[in-house]
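One file, structure28.txt, carrying compact mmCIF, C-alpha atoms and all ligand atoms:
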```txt
# COMPACT_ATOMS: atom_id res chain seq x y z
CA MET D 60 124.45 158.27 156.42
CA ARG D 61 120.85 157.42 157.26
CA GLU D 62 118.21 158.94 155.04
CA ALA D 63 114.58 159.89 155.62
CA LEU D 64 111.86 160.60 153.08
CA LEU D 65 109.78 163.67 153.89
CA VAL D 66 106.39 164.01 152.24
CA ILE D 67 105.32 167.63 152.52
CA ASP D 68 101.78 168.99 152.21
CA MET D 69 100.39 166.31 149.90
CA LEU D 70 96.98 167.08 151.39
CA ASN D 71 93.51 167.04 149.88
CA ASP D 72 93.29 170.84 150.09
CA PHE D 73 96.34 171.20 147.82
CA VAL D 74 96.14 168.20 145.54
CA ARG D 75 92.49 167.56 144.69
CA GLU D 76 90.85 169.13 141.65
CA GLY D 77 89.05 172.29 142.75
CA ALA D 78 90.81 172.30 146.14
CA PRO D 79 90.94 175.65 147.99
CA LEU D 80 94.70 175.99 147.37
CA GLU D 81 94.94 173.76 144.34
CA VAL D 82 98.43 172.91 143.14
CA THR D 83 97.56 171.34 139.81
CA ALA D 84 101.09 170.01 139.29
CA ALA D 85 100.84 168.06 142.55
CA ARG D 86 98.59 165.52 140.84
CA ALA D 87 101.20 164.87 138.14
CA ILE D 88 103.85 163.85 140.69
CA LEU D 89 101.65 161.27 142.44
CA PRO D 90 102.95 158.21 140.52
CA ALA D 91 106.64 159.12 140.97
CA LEU D 92 106.10 159.96 144.62
CA ARG D 93 104.15 156.76 145.21
CA ALA D 94 107.01 154.76 143.68
CA ARG D 95 109.54 156.55 145.90
CA LEU D 96 107.38 155.92 148.93
CA ASP D 97 107.19 152.21 148.14
CA ALA D 98 110.95 152.05 147.59
CA ALA D 99 111.60 153.81 150.90
CA ARG D 100 109.34 151.45 152.80
CA ALA D 101 110.90 148.42 151.10
CA GLY D 102 114.37 149.69 151.99
CA GLY D 103 113.59 150.50 155.61
CA VAL D 104 113.95 154.25 155.03
CA PRO D 105 111.86 156.24 157.52
CA VAL D 106 108.97 158.17 155.97
CA ILE D 107 107.84 161.34 157.71
CA TYR D 108 104.82 163.38 156.73
CA ILE D 109 104.84 167.16 157.19
CA CYS D 110 101.36 168.59 157.00
CA ASP D 111 99.80 172.01 157.18
CA ALA D 112 97.26 172.08 160.02
CA HIS D 113 95.82 175.55 160.45
CA ARG D 114 93.29 177.03 162.82
CA ALA D 115 90.27 178.40 160.96
CA ASP D 116 91.35 181.92 161.98
CA ASP D 117 95.08 181.42 161.35
CA PRO D 118 96.61 184.86 160.75
CA GLU D 119 98.69 183.32 157.91
CA PHE D 120 95.63 183.49 155.67
CA ALA D 121 95.24 187.25 155.91
CA ARG D 122 98.94 188.06 156.26
CA MET D 123 100.10 186.01 153.27
CA GLY D 124 96.93 186.33 151.22
CA TRP D 125 96.17 182.60 151.06
CA PRO D 126 92.62 181.28 150.90
CA PRO D 127 91.78 179.26 154.04
CA HIS D 128 93.16 175.73 153.61
CA ALA D 129 94.14 172.61 155.57
CA ILE D 130 92.08 173.45 158.62
CA LYS D 131 93.14 171.08 161.39
CA GLY D 132 90.73 168.17 161.76
CA THR D 133 89.08 168.52 158.34
CA THR D 134 89.31 166.12 155.40
CA GLY D 135 91.13 168.86 153.50
CA ALA D 136 94.00 168.65 155.98
CA GLU D 137 94.45 164.90 155.44
CA VAL D 138 97.14 163.33 153.26
CA VAL D 139 95.72 162.21 149.91
CA ALA D 140 94.61 158.58 149.85
CA GLU D 141 97.25 157.65 147.22
CA LEU D 142 100.04 158.45 149.68
CA ALA D 143 98.34 157.64 152.97
CA PRO D 144 100.67 157.31 155.95
CA LEU D 145 101.08 154.00 157.73
CA GLU D 146 100.07 153.89 161.39
CA THR D 147 103.74 153.92 162.34
CA ASP D 148 104.79 156.92 160.21
CA PRO D 149 105.29 160.19 162.07
CA VAL D 150 102.82 162.84 160.87
CA ILE D 151 104.01 166.29 161.86
CA GLU D 152 101.63 169.22 161.84
CA LYS D 153 102.95 172.65 160.95
CA THR D 154 101.45 176.11 160.60
CA ALA D 155 104.31 177.83 158.76
CA TYR D 156 106.20 177.12 155.53
CA SER D 157 109.11 175.33 157.16
CA GLY D 158 108.58 171.86 158.54
CA PHE D 159 111.01 172.74 161.34
CA HIS D 160 109.19 175.82 162.65
CA HIS D 161 107.74 175.03 166.10
CA THR D 162 107.51 171.30 165.34
CA GLY D 163 109.17 168.16 166.68
CA LEU D 164 110.79 167.33 163.33
CA ASP D 165 114.39 167.97 164.35
CA GLY D 166 114.02 165.80 167.47
CA ILE D 167 112.46 162.95 165.51
CA LEU D 168 115.25 163.05 162.91
CA GLN D 169 117.92 163.07 165.60
CA ALA D 170 116.28 160.18 167.43
CA LEU D 171 116.27 158.19 164.16
CA GLY D 172 119.90 159.07 163.46
CA VAL D 173 119.00 160.67 160.15
CA GLY D 174 121.54 162.89 158.39
CA ARG D 175 120.10 163.21 154.92
CA LEU D 176 116.62 164.33 153.93
CA VAL D 177 114.81 163.65 150.67
CA LEU D 178 112.19 166.37 150.32
CA THR D 179 109.07 165.67 148.27
CA GLY D 180 105.64 167.22 147.88
CA CYS D 181 104.46 170.76 147.38
CA VAL D 182 104.95 173.67 146.91
CA THR D 183 108.49 173.61 145.44
CA ASN D 184 109.23 177.30 145.99
CA ILE D 185 107.42 177.59 149.31
CA CYS D 186 107.30 174.74 151.84
CA ILE D 187 109.95 172.65 150.08
CA HIS D 188 112.30 175.61 149.72
CA TYR D 189 111.92 176.94 153.28
CA THR D 190 112.12 173.46 154.78
CA ALA D 191 115.30 172.90 152.74
CA TYR D 192 116.81 176.08 154.19
CA ASP D 193 115.92 175.11 157.76
CA ALA D 194 117.36 171.63 157.17
CA VAL D 195 120.62 172.91 155.70
CA ILE D 196 121.30 175.36 158.54
CA ARG D 197 120.79 172.48 160.98
CA GLY D 198 123.46 170.44 159.22
CA TYR D 199 121.34 168.01 157.21
CA GLN D 200 122.18 167.02 153.65
CA VAL D 201 119.19 167.72 151.44
CA VAL D 202 118.15 166.00 148.24
CA VAL D 203 115.18 167.13 146.13
CA PRO D 204 114.04 164.76 143.35
CA ALA D 205 112.60 167.10 140.72
CA ASP D 206 109.92 164.61 139.67
CA CYS D 207 108.54 164.42 143.20
CA VAL D 208 107.94 168.11 143.92
CA ALA D 209 105.31 170.45 142.47
CA PRO D 210 105.24 174.24 142.08
CA LEU D 211 102.22 176.53 141.79
CA ASP D 212 103.96 178.19 138.86
CA PRO D 213 106.70 176.48 136.77
CA ASP D 214 108.94 179.59 136.69
CA ASP D 215 108.79 179.87 140.47
CA GLY D 216 109.66 176.19 140.69
CA GLU D 217 112.75 176.65 138.50
CA PHE D 218 113.79 179.71 140.51
CA ALA D 219 113.54 177.64 143.70
CA PHE D 220 115.64 174.84 142.15
CA ARG D 221 118.35 177.39 141.30
CA GLN D 222 118.25 178.94 144.76
CA MET D 223 118.37 175.57 146.48
CA THR D 224 121.23 174.38 144.27
CA ARG D 225 123.37 177.52 144.22
CA VAL D 226 122.62 179.10 147.58
CA LEU D 227 121.79 176.18 149.87
CA GLY D 228 123.92 173.39 148.38
CA VAL D 229 120.88 171.17 147.92
CA ALA D 230 121.16 168.32 145.41
CA VAL D 231 118.26 168.78 142.98
CA VAL D 232 118.05 165.49 141.10
CA ARG D 233 116.51 165.62 137.62
ZN ZN W 301 99.29 176.88 154.96
```
Translate this file's structure into structure tokens.
Ligand code: ZN
Amino acid sequence: MREALLVIDMLNDFVREGAPLEVTAARAILPALRARLDAARAGGVPVIYICDAHRADDPEFARMGWPPHAIKGTTGAEVVAELAPLETDPVIEKTAYSGFHHTGLDGILQALGVGRLVLTGCVTNICIHYTAYDAVIRGYQVVVPADCVAPLDPDDGEFAFRQMTRVLGVAVVR
């Protein structure tokens, strides 16, 4: 079964020190994620970037209580330099937690003949978790390498691993 590597929300506004929605743990996963990215490229595995791209007045900010982040077109909404996409990599913009919500992700995966997704990035219990759910209900196998995802809070991250494993049938690889 063909696999794809999804890199989710590894954007300046999440990863950089002092970023508006800083996920401190996202910096610690950079080396492992970089290695996985290199391995995927070497093995011909498609790499797809899923990136928050909000309007400045996105109602998500008020509704969910998030500080404004990843405003479309700003440096903050760009993938961190360490993991920069190649020209040929699909970069999918999203405005909700799931990478499937109102995006072309499903169509791209089908066109590539992909059946298994490796989810990486941040935040473990938010965009990773909800993307995992949307992937599973669409029939994809989902793998989450624990060293390549980052939570805002470690307890929330462990809760998400349990939910993904026990409720969604996701393979969380430690
Ligand atoms: Zn967002």
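Going from atom CA of D:Pro105 over to atom CA of D:Ala63, you cover 4.9 Å.
Residues in contact with ligand ZN 301 (chain W) comprise Asp68, Leu80, Cys110, Asp111, Ala112, His113, Asp117, Glu119, Phe120, Trp125, Pro126, Pro127, His128, Ala129, Ile130, Lys153, Thr154, Ala155, Tyr156 and Cys186 of chain D, where contact means an atom-to-atom distance of at most 9 Å counting only C-alpha atoms and all ligand atoms.
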With a cut-off of 10 Å, could you pull out the residues of stretch 77-114 of chain D touching stretch 191-215 of chain D and give me the nearest pair of atoms for each, distance in Å to one decimal, using only C-alpha atoms, ordered by chain and ascending number, as JSON lines?
```
{"residue": "D:Leu80", "atom": "CA", "partner": "D:Leu211", "partner_atom": "CA", "distance": 9.4}
{"residue": "D:Glu81", "atom": "CA", "partner": "D:Leu211", "partner_atom": "CA", "distance": 8.2}
{"residue": "D:Val82", "atom": "CA", "partner": "D:Leu211", "partner_atom": "CA", "distance": 5.4}
{"residue": "D:Thr83", "atom": "CA", "partner": "D:Leu211", "partner_atom": "CA", "distance": 7.3}
{"residue": "D:Ala84", "atom": "CA", "partner": "D:Ala209", "partner_atom": "CA", "distance": 5.3}
{"residue": "D:Ala85", "atom": "CA", "partner": "D:Ala209", "partner_atom": "CA", "distance": 5.1}
{"residue": "D:Arg86", "atom": "CA", "partner": "D:Ala209", "partner_atom": "CA", "distance": 8.5}
{"residue": "D:Ala87", "atom": "CA", "partner": "D:Ala209", "partner_atom": "CA", "distance": 8.2}
{"residue": "D:Ile88", "atom": "CA", "partner": "D:Cys207", "partner_atom": "CA", "distance": 5.3}
{"residue": "D:Leu89", "atom": "CA", "partner": "D:Cys207", "partner_atom": "CA", "distance": 7.6}
{"residue": "D:Pro90", "atom": "CA", "partner": "D:Cys207", "partner_atom": "CA", "distance": 8.8}
{"residue": "D:Ala91", "atom": "CA", "partner": "D:Cys207", "partner_atom": "CA", "distance": 6.1}
{"residue": "D:Leu92", "atom": "CA", "partner": "D:Cys207", "partner_atom": "CA", "distance": 5.3}
{"residue": "D:Arg93", "atom": "CA", "partner": "D:Cys207", "partner_atom": "CA", "distance": 9.1}
{"residue": "D:Ala94", "atom": "CA", "partner": "D:Cys207", "partner_atom": "CA", "distance": 9.8}
{"residue": "D:Arg95", "atom": "CA", "partner": "D:Cys207", "partner_atom": "CA", "distance": 8.4}
```
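Using only C-alpha atoms for every distance, the candidate list D:Leu65, D:Leu70, D:Cys181, D:Leu168 yields D:Leu65 as the residue closest to D:Ala99.
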- Item | Polymer residues at most 12 Å from stretch 146-149 of chain D, all atoms listed in the file, same-chain spacing of 4 or more positions, as a ChimeraX atom specification | /D:63-66,96,99-100,103-110,142,162-164,166-168,171
Resulting file, chosen residues, C-alpha atoms, as a PDB file, keeping the file's coordinate frame:
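Listed below is the output, selection-v3.pdb:
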```pdb
ATOM      1  CA  ALA D  63     114.580 159.890 155.620  1.00  0.00           C
ATOM      2  CA  LEU D  64     111.860 160.600 153.080  1.00  0.00           C
ATOM      3  CA  LEU D  65     109.780 163.670 153.890  1.00  0.00           C
ATOM      4  CA  VAL D  66     106.390 164.010 152.240  1.00  0.00           C
ATOM      5  CA  LEU D  96     107.380 155.920 148.930  1.00  0.00           C
ATOM      6  CA  ALA D  99     111.600 153.810 150.900  1.00  0.00           C
ATOM      7  CA  ARG D 100     109.340 151.450 152.800  1.00  0.00           C
ATOM      8  CA  GLY D 103     113.590 150.500 155.610  1.00  0.00           C
ATOM      9  CA  VAL D 104     113.950 154.250 155.030  1.00  0.00           C
ATOM     10  CA  PRO D 105     111.860 156.240 157.520  1.00  0.00           C
ATOM     11  CA  VAL D 106     108.970 158.170 155.970  1.00  0.00           C
ATOM     12  CA  ILE D 107     107.840 161.340 157.710  1.00  0.00           C
ATOM     13  CA  TYR D 108     104.820 163.380 156.730  1.00  0.00           C
ATOM     14  CA  ILE D 109     104.840 167.160 157.190  1.00  0.00           C
ATOM     15  CA  CYS D 110     101.360 168.590 157.000  1.00  0.00           C
ATOM     16  CA  LEU D 142     100.040 158.450 149.680  1.00  0.00           C
ATOM     17  CA  THR D 162     107.510 171.300 165.340  1.00  0.00           C
ATOM     18  CA  GLY D 163     109.170 168.160 166.680  1.00  0.00           C
ATOM     19  CA  LEU D 164     110.790 167.330 163.330  1.00  0.00           C
ATOM     20  CA  GLY D 166     114.020 165.800 167.470  1.00  0.00           C
ATOM     21  CA  ILE D 167     112.460 162.950 165.510  1.00  0.00           C
ATOM     22  CA  LEU D 168     115.250 163.050 162.910  1.00  0.00           C
ATOM     23  CA  LEU D 171     116.270 158.190 164.160  1.00  0.00           C
TER      24      LEU D 171
END
```
- Coordinates-based distance that separates atom CA of D:Glu137 from atom CA of D:Glu62 (Å, one decimal):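 A separation of 24.5 Å between them.
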- Item | Among the residues D:Gly180, D:Ala136, D:Arg61, D:Arg221, the one that comes closest to D:Pro79 [using all atoms listed in the file] |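 Once distances to D:Pro79 are computed over all atoms listed in the file, the minimum belongs to D:Ala136.
Note that atom CA of D:Tyr189 and atom CA of D:Ser157 are 5.1 Å apart.
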- Message: Taking only C-alpha atoms into account, name the residue in D:Asp97, D:His161, D:Arg233, D:Asp72 that is nearest to D:Glu217.
- Response: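 Among the listed residues, the smallest separation from D:Glu217 belongs to D:Arg233.
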- Of the listed residues D:Gly228, D:Met223, D:Ala143, D:Gly77, that which approaches D:Asn184 most closely, counting only C-alpha atoms: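 So, comparing all the options, the nearest one is D:Met223.
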- Item | Within 8 Å of D:Met60 using only C-alpha atoms, minus same-chain residues under 5 positions, as an NGL selection string | :D and (173-175)
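The nearest approach to D:Leu176 among the residues D:Val139, D:Asp116, D:Phe218, D:Val231, with only C-alpha atoms taken into account, belongs to D:Val231.
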